[in-house]
$ cat final39.txt   # compact mmCIF, C-alpha atoms and all ligand atoms
# COMPACT_ATOMS: atom_id res chain seq x y z
CA MET A 1326 8.26 -17.86 17.46
CA LYS A 1327 6.68 -14.44 17.80
CA LYS A 1328 4.83 -13.26 14.71
CA GLY A 1329 4.59 -9.76 13.22
CA ILE A 1330 2.06 -8.37 10.80
CA ILE A 1331 2.83 -5.97 7.96
CA PHE A 1332 0.03 -4.02 6.29
CA ASP A 1333 0.12 -2.32 2.92
CA LEU A 1334 -1.75 1.02 3.02
CA ASP A 1335 -3.59 1.86 -0.19
CA GLY A 1336 -6.18 -0.84 -0.93
CA VAL A 1337 -5.73 -2.59 2.42
CA ILE A 1338 -6.30 0.03 5.13
CA VAL A 1339 -7.85 2.82 3.07
CA ASP A 1340 -8.89 3.24 -0.57
CA THR A 1341 -6.65 6.12 -1.59
CA ALA A 1342 -6.42 4.72 -5.16
CA LYS A 1343 -9.48 6.82 -6.07
CA TYR A 1344 -7.62 10.02 -5.08
CA HIS A 1345 -4.44 8.94 -6.88
CA TYR A 1346 -6.67 8.35 -9.92
CA LEU A 1347 -8.25 11.81 -9.84
CA ALA A 1348 -4.85 13.49 -9.47
CA TRP A 1349 -3.21 11.45 -12.28
CA LYS A 1350 -6.28 12.01 -14.50
CA LYS A 1351 -6.01 15.77 -14.02
CA LEU A 1352 -2.36 15.67 -15.11
CA ALA A 1353 -3.13 13.42 -18.11
CA ASN A 1354 -5.96 15.74 -19.22
CA GLN A 1355 -3.68 18.74 -18.83
CA LEU A 1356 -1.17 16.95 -21.08
CA GLY A 1357 -3.90 16.30 -23.64
CA PHE A 1358 -4.97 12.68 -23.19
CA GLU A 1359 -7.48 10.56 -21.28
CA PHE A 1360 -6.70 8.32 -18.29
CA THR A 1361 -9.24 5.68 -17.28
CA GLN A 1362 -10.01 3.92 -13.99
CA GLU A 1363 -8.95 0.70 -15.68
CA GLN A 1364 -5.54 2.16 -16.50
CA ASN A 1365 -5.28 3.32 -12.88
CA GLU A 1366 -5.28 -0.36 -11.83
CA LEU A 1367 -1.72 -0.54 -13.19
CA PHE A 1368 -0.67 2.16 -10.73
CA LYS A 1369 -1.63 0.28 -7.56
CA GLY A 1370 1.37 -0.39 -5.33
CA VAL A 1371 3.65 1.30 -7.88
CA SER A 1372 5.95 4.19 -6.87
CA ARG A 1373 5.05 7.76 -7.85
CA LYS A 1374 8.08 8.02 -10.14
CA ARG A 1375 7.21 4.81 -11.98
CA CYS A 1376 3.53 5.85 -12.22
CA LEU A 1377 4.54 9.06 -14.01
CA ASP A 1378 6.72 7.11 -16.45
CA ILE A 1379 3.81 4.76 -17.22
CA LEU A 1380 1.44 7.72 -17.62
CA LEU A 1381 3.79 9.41 -20.09
CA GLU A 1382 4.12 6.15 -22.04
CA MET A 1383 0.30 6.03 -22.21
CA GLY A 1384 0.27 9.53 -23.67
CA ASN A 1385 3.22 8.81 -25.99
CA LEU A 1386 5.13 11.63 -24.35
CA SER A 1387 8.70 11.99 -23.19
CA ALA A 1388 10.09 14.65 -20.86
CA THR A 1389 13.24 15.78 -19.08
CA GLN A 1390 13.72 14.77 -15.44
CA GLU A 1391 13.26 18.44 -14.48
CA GLN A 1392 9.85 18.53 -16.15
CA LYS A 1393 8.91 15.19 -14.60
CA ASP A 1394 9.81 16.53 -11.15
CA VAL A 1395 7.47 19.49 -11.69
CA TRP A 1396 4.61 17.21 -12.75
CA MET A 1397 5.16 14.89 -9.79
CA ILE A 1398 4.96 17.86 -7.41
CA GLU A 1399 1.76 19.10 -9.10
CA LYS A 1400 0.19 15.62 -8.97
CA ASN A 1401 1.16 15.18 -5.34
CA ASN A 1402 -0.25 18.58 -4.36
CA ASP A 1403 -3.58 17.65 -5.96
CA TYR A 1404 -3.49 14.28 -4.18
CA LEU A 1405 -2.71 15.94 -0.84
CA ALA A 1406 -5.75 18.20 -1.23
CA TYR A 1407 -7.92 15.03 -1.25
CA ILE A 1408 -5.99 13.49 1.66
CA GLU A 1409 -6.55 16.64 3.68
CA LYS A 1410 -10.30 15.91 3.72
CA MET A 1411 -9.96 12.26 4.82
CA ASP A 1412 -11.29 11.02 8.16
CA ASP A 1413 -12.00 7.71 9.89
CA SER A 1414 -15.04 7.07 7.68
CA GLU A 1415 -12.56 6.09 4.93
CA ILE A 1416 -11.03 3.18 6.85
CA LEU A 1417 -11.85 -0.05 5.02
CA PRO A 1418 -14.31 -2.41 6.78
CA ASP A 1419 -13.08 -4.36 9.84
CA VAL A 1420 -9.55 -2.92 9.70
CA PRO A 1421 -9.82 -1.44 13.25
CA LYS A 1422 -11.20 -4.78 14.50
CA ILE A 1423 -8.15 -6.67 13.15
CA LEU A 1424 -5.69 -4.05 14.44
CA THR A 1425 -7.32 -4.17 17.89
CA LEU A 1426 -7.13 -7.98 17.98
CA LEU A 1427 -3.42 -7.84 17.13
CA LYS A 1428 -2.76 -5.20 19.80
CA GLU A 1429 -4.66 -7.24 22.42
CA ASN A 1430 -2.37 -10.18 21.58
CA ALA A 1431 0.78 -8.01 21.71
CA ILE A 1432 1.61 -8.72 18.06
CA PRO A 1433 3.94 -6.12 16.48
CA ILE A 1434 2.25 -4.16 13.69
CA ALA A 1435 4.10 -2.57 10.77
CA LEU A 1436 3.19 -0.58 7.69
CA GLY A 1437 4.91 -1.49 4.43
CA SER A 1438 3.77 1.00 1.80
CA ALA A 1439 5.14 2.50 -1.40
CA SER A 1440 3.56 5.84 -0.51
CA LYS A 1441 5.56 8.84 0.63
CA ASN A 1442 2.35 10.15 2.22
CA ALA A 1443 1.71 7.11 4.44
CA LEU A 1444 2.12 8.72 7.86
CA PRO A 1445 -0.13 11.76 7.23
CA ILE A 1446 -2.81 9.40 5.87
CA LEU A 1447 -2.65 7.14 8.94
CA GLU A 1448 -2.84 10.23 11.14
CA LYS A 1449 -5.79 11.65 9.20
CA VAL A 1450 -7.83 8.47 9.67
CA GLY A 1451 -6.73 8.07 13.30
CA LEU A 1452 -4.87 4.75 12.99
CA ALA A 1453 -1.24 5.87 13.41
CA HIS A 1454 -1.13 4.83 17.08
CA PHE A 1455 -1.59 1.15 16.17
CA PHE A 1456 1.69 0.98 14.24
CA ASP A 1457 4.96 0.04 15.95
CA VAL A 1458 6.92 0.41 12.72
CA ILE A 1459 6.35 2.42 9.55
CA VAL A 1460 8.35 1.74 6.39
CA ASP A 1461 7.19 3.68 3.36
CA GLY A 1462 8.27 5.31 0.11
CA ASN A 1463 10.53 7.67 2.04
CA ASN A 1464 12.67 4.82 3.38
CA VAL A 1465 13.14 2.42 0.49
CA THR A 1466 15.21 2.65 -2.66
CA LYS A 1467 13.67 -0.32 -4.47
CA ALA A 1468 9.94 -0.47 -5.20
CA LYS A 1469 7.72 -3.56 -4.87
CA PRO A 1470 8.00 -6.31 -6.22
CA ASP A 1471 11.42 -5.91 -4.65
CA PRO A 1472 11.09 -7.20 -1.05
CA GLU A 1473 13.08 -4.29 0.46
CA VAL A 1474 10.09 -2.54 2.08
CA PHE A 1475 8.93 -5.70 3.88
CA LEU A 1476 12.44 -6.87 4.85
CA MET A 1477 13.09 -3.46 6.39
CA ALA A 1478 9.82 -3.69 8.35
CA ALA A 1479 10.78 -7.17 9.65
CA LYS A 1480 14.20 -5.89 10.70
CA LYS A 1481 12.67 -2.92 12.52
CA MET A 1482 10.33 -5.32 14.37
CA ASN A 1483 13.34 -7.53 15.23
CA LEU A 1484 11.66 -10.48 13.57
CA SER A 1485 12.91 -12.93 11.00
CA PRO A 1486 11.05 -12.59 7.66
CA SER A 1487 9.56 -16.10 7.93
CA ASN A 1488 7.69 -14.95 11.05
CA CYS A 1489 6.08 -12.03 9.25
CA ILE A 1490 2.68 -11.98 7.58
CA VAL A 1491 1.87 -9.42 4.87
CA PHE A 1492 -1.57 -8.08 3.90
CA GLU A 1493 -1.44 -6.70 0.33
CA ASP A 1494 -3.87 -5.73 -2.44
CA ALA A 1495 -1.39 -5.38 -5.32
CA VAL A 1496 0.22 -8.14 -7.40
CA ALA A 1497 3.63 -6.45 -7.02
CA GLY A 1498 3.12 -6.43 -3.23
CA ILE A 1499 2.28 -10.15 -3.09
CA GLU A 1500 5.37 -10.85 -5.19
CA ALA A 1501 7.44 -8.74 -2.78
CA ALA A 1502 6.06 -10.60 0.27
CA ASN A 1503 6.75 -13.99 -1.34
CA ALA A 1504 10.26 -12.89 -2.32
CA ALA A 1505 10.83 -11.85 1.31
CA ASN A 1506 9.85 -15.39 2.42
CA MET A 1507 6.84 -14.05 4.32
CA ILE A 1508 3.29 -15.37 4.45
CA SER A 1509 1.36 -13.36 1.85
CA ILE A 1510 -2.32 -12.62 2.28
CA GLY A 1511 -4.08 -11.02 -0.67
CA ILE A 1512 -6.93 -8.58 -0.07
CA GLY A 1513 -8.96 -8.45 -3.28
CA GLU A 1514 -9.86 -10.69 -6.18
CA LYS A 1515 -8.73 -14.35 -6.30
CA GLU A 1516 -8.06 -14.19 -10.06
CA VAL A 1517 -5.73 -11.21 -9.63
CA LEU A 1518 -3.89 -12.20 -6.44
CA SER A 1519 -3.47 -15.91 -7.22
CA GLN A 1520 0.16 -15.92 -6.04
CA ALA A 1521 -0.87 -15.13 -2.45
CA LYS A 1522 -0.88 -17.93 0.16
CA PHE A 1523 -4.35 -16.87 1.32
CA ILE A 1524 -6.82 -14.56 -0.43
CA PHE A 1525 -9.82 -12.71 1.03
CA LYS A 1526 -12.11 -10.21 -0.64
CA ASP A 1527 -11.78 -7.90 2.36
CA PHE A 1528 -11.24 -8.04 6.12
CA THR A 1529 -14.91 -8.81 6.82
CA GLN A 1530 -14.20 -12.27 5.33
CA ILE A 1531 -11.39 -13.01 7.81
CA SER A 1532 -12.53 -14.75 10.98
CA THR A 1533 -11.09 -14.18 14.44
CA ASP A 1534 -10.20 -17.89 14.47
CA PHE A 1535 -8.16 -17.51 11.28
CA MET A 1536 -6.30 -14.53 12.74
CA LYS A 1537 -5.64 -16.36 16.02
CA LYS A 1538 -4.20 -19.38 14.17
CA LEU A 1539 -2.08 -17.07 12.05
CA ILE A 1540 -0.46 -15.37 15.02
CA SER A 1541 -0.13 -18.45 17.20
CA ASN A 1542 3.32 -19.94 17.67
P1 LIG B 1 2.69 8.46 -3.14
P2 LIG B 1 0.60 1.34 -1.25
C1 LIG B 1 0.95 3.09 -3.22
O1 LIG B 1 0.50 2.80 -1.94
C2 LIG B 1 -0.23 3.29 -4.16
O2 LIG B 1 -0.96 2.08 -4.31
C3 LIG B 1 0.29 3.72 -5.52
O3 LIG B 1 -0.79 3.94 -6.39
C4 LIG B 1 1.09 5.02 -5.34
O4 LIG B 1 1.62 5.44 -6.58
C5 LIG B 1 2.22 4.76 -4.34
O5 LIG B 1 1.68 4.31 -3.12
C6 LIG B 1 3.06 6.01 -4.09
O6 LIG B 1 2.25 6.94 -3.43
O7 LIG B 1 2.57 9.21 -4.42
O8 LIG B 1 1.74 8.88 -2.07
O9 LIG B 1 4.13 8.42 -2.64
O10 LIG B 1 -0.43 0.50 -1.90
O11 LIG B 1 2.01 0.82 -1.42
O12 LIG B 1 0.28 1.66 0.18
MG MG B 2 -1.77 -1.27 -2.01
$ encode --input "final39.txt" --output "structure tokens"
Amino acid sequence: MKKGIIFDLDGVIVDTAKYHYLAWKKLANQLGFEFTQEQNELFKGVSRKRCLDILLEMGNLSATQEQKDVWMIEKNNDYLAYIEKMDDSEILPDVPKILTLLKENAIPIALGSASKNALPILEKVGLAHFFDVIVDGNNVTKAKPDPEVFLMAAKKMNLSPSNCIVFEDAVAGIEAANAANMISIGIGEKEVLSQAKFIFKDFTQISTDFMKKLISN
């Protein structure tokens, strides 16, 4: 059966977590508390709305939905200012090599991201043309670890979930891929992503042979 590959964005294709961190930190500081890089780890793969709720819990603050909406807009505007300056130098190592190999083998490529800014980021770094399907935070109602984002990507590729392979850097994303009955490949630390079927530190550790076996029928 034909295979399809689904990529997460932040932490797999580009490292936008550092920009999310700076924008959330600015908001936290404005609200009167600190926000560390370690705390930012909890935000990876998590929706913007949920991130704000976690941030407010960290600061022991509560707010009306109206106020939260204002803060989310402010945070996103700060984040977009960083995105605006991105270029292809921010693509994580060997990502173009893997995407090219998949294209050469006519394997459908999808994006499955929680971000509502996914398309502009892909365009900024010059990778948008590789993607046959994009499912992101604008399309889904349920955030990872719910499998909705990946199931929607499979459907748009006209593939059954069991023929899809997911590259993910977040625990919630690996859980979502497993719940979707897809092959999960963790990009990051073994200790963190232990629920993934395969784990690699980054794409430089993935051989062409491994990729060819993965996509073979
Ligand atoms: P936005 P991914 C996720 O991207 C990020 O890891 C997470 O930190 C962020 O809160 C989320 O996107 C929403 O992003 O504010 O741009 O809609 O890893 O799912 O590609
Ligand atoms: Mg991610």
$ residues_near_ligand --input "final39.txt" --ligand "ligand LIG 1 (chain B)" --cutoff "10 Å" --atoms "all atoms listed in the file" --output "compact mmCIF listing (two decimals) with C-alpha atoms, in the frame of the given file"
# COMPACT_ATOMS: atom_id res chain seq x y z
CA PHE A 1332 0.03 -4.02 6.29
CA ASP A 1333 0.12 -2.32 2.92
CA LEU A 1334 -1.75 1.02 3.02
CA ASP A 1335 -3.59 1.86 -0.19
CA GLY A 1336 -6.18 -0.84 -0.93
CA VAL A 1337 -5.73 -2.59 2.42
CA ILE A 1338 -6.30 0.03 5.13
CA VAL A 1339 -7.85 2.82 3.07
CA ASP A 1340 -8.89 3.24 -0.57
CA THR A 1341 -6.65 6.12 -1.59
CA ALA A 1342 -6.42 4.72 -5.16
CA LYS A 1343 -9.48 6.82 -6.07
CA TYR A 1344 -7.62 10.02 -5.08
CA HIS A 1345 -4.44 8.94 -6.88
CA TYR A 1346 -6.67 8.35 -9.92
CA ALA A 1348 -4.85 13.49 -9.47
CA TRP A 1349 -3.21 11.45 -12.28
CA ASN A 1365 -5.28 3.32 -12.88
CA GLU A 1366 -5.28 -0.36 -11.83
CA LEU A 1367 -1.72 -0.54 -13.19
CA PHE A 1368 -0.67 2.16 -10.73
CA LYS A 1369 -1.63 0.28 -7.56
CA GLY A 1370 1.37 -0.39 -5.33
CA VAL A 1371 3.65 1.30 -7.88
CA SER A 1372 5.95 4.19 -6.87
CA ARG A 1373 5.05 7.76 -7.85
CA LYS A 1374 8.08 8.02 -10.14
CA ARG A 1375 7.21 4.81 -11.98
CA CYS A 1376 3.53 5.85 -12.22
CA LEU A 1377 4.54 9.06 -14.01
CA MET A 1397 5.16 14.89 -9.79
CA ILE A 1398 4.96 17.86 -7.41
CA LYS A 1400 0.19 15.62 -8.97
CA ASN A 1401 1.16 15.18 -5.34
CA ASN A 1402 -0.25 18.58 -4.36
CA TYR A 1404 -3.49 14.28 -4.18
CA LEU A 1405 -2.71 15.94 -0.84
CA ILE A 1408 -5.99 13.49 1.66
CA LEU A 1436 3.19 -0.58 7.69
CA GLY A 1437 4.91 -1.49 4.43
CA SER A 1438 3.77 1.00 1.80
CA ALA A 1439 5.14 2.50 -1.40
CA SER A 1440 3.56 5.84 -0.51
CA LYS A 1441 5.56 8.84 0.63
CA ASN A 1442 2.35 10.15 2.22
CA ALA A 1443 1.71 7.11 4.44
CA LEU A 1444 2.12 8.72 7.86
CA PRO A 1445 -0.13 11.76 7.23
CA ILE A 1446 -2.81 9.40 5.87
CA ASP A 1461 7.19 3.68 3.36
CA GLY A 1462 8.27 5.31 0.11
CA ASN A 1463 10.53 7.67 2.04
CA ALA A 1468 9.94 -0.47 -5.20
CA LYS A 1469 7.72 -3.56 -4.87
CA VAL A 1474 10.09 -2.54 2.08
CA GLU A 1493 -1.44 -6.70 0.33
CA ASP A 1494 -3.87 -5.73 -2.44
CA ALA A 1495 -1.39 -5.38 -5.32
CA ALA A 1497 3.63 -6.45 -7.02
CA GLY A 1498 3.12 -6.43 -3.23
$ closest_residue --input "final39.txt" --among "A:Val1491, A:Met1383, A:Ala1505, A:Lys1449" --to "Ala1435 (chain A)" --atoms "all atoms listed in the file"
A:Val1491
$ residues_around --input "final39.txt" --residues "Asp1413 (chain A)" --least-positions-apart "6" --cutoff "9 Å" --atoms "only C-alpha atoms" --output "ChimeraX atom specification"
/A:1449-1452
$ residues_around --input "final39.txt" --residues "Met1326 (chain A)" --least-positions-apart "3" --cutoff "12 Å" --atoms "only C-alpha atoms" --output "list in words"
Gly1329, Ile1432, Asn1483, Leu1484, Ser1485, Pro1486, Ser1487, Asn1488, Cys1489, Leu1539, Ile1540, Ser1541 and Asn1542 of chain A
$ closest_residue --input "final39.txt" --among "A:Asp1534, A:Lys1522, A:Gly1513, A:Met1411" --to "ligand MG 2 (chain B)" --atoms "only C-alpha atoms and all ligand atoms"
A:Gly1513
$ closest_residue --input "final39.txt" --among "A:Leu1518, A:Ile1508, A:Leu1352, A:Ile1490" --to "ligand MG 2 (chain B)" --atoms "all atoms listed in the file"
A:Leu1518
$ residues_around --input "final39.txt" --residues "Pro1418 (chain A)" --least-positions-apart "6" --cutoff "8 Å" --atoms "only C-alpha atoms" --output "number ranges by chain"
A: 1527-1529
$ closest_residue --input "final39.txt" --among "A:His1454, A:Glu1473, A:Val1496, A:Ala1502" --to "ligand MG 2 (chain B)" --atoms "only C-alpha atoms and all ligand atoms"
A:Val1496
$ atom_distance --input "final39.txt" --atom1 "CA of Leu1426 (chain A)" --atom2 "CA of Pro1472 (chain A)"
26.4 Å
$ residues_around --input "final39.txt" --residues "Ser1387 (chain A)" --least-positions-apart "6" --cutoff "12 Å" --atoms "only C-alpha atoms" --output "VMD selection string"
chain A and resid 1356 1377 to 1381 1393
$ closest_residue --input "final39.txt" --among "A:Phe1525, A:Phe1456, A:Trp1396, A:Phe1492" --to "ligand MG 2 (chain B)" --atoms "all atoms listed in the file"
A:Phe1492
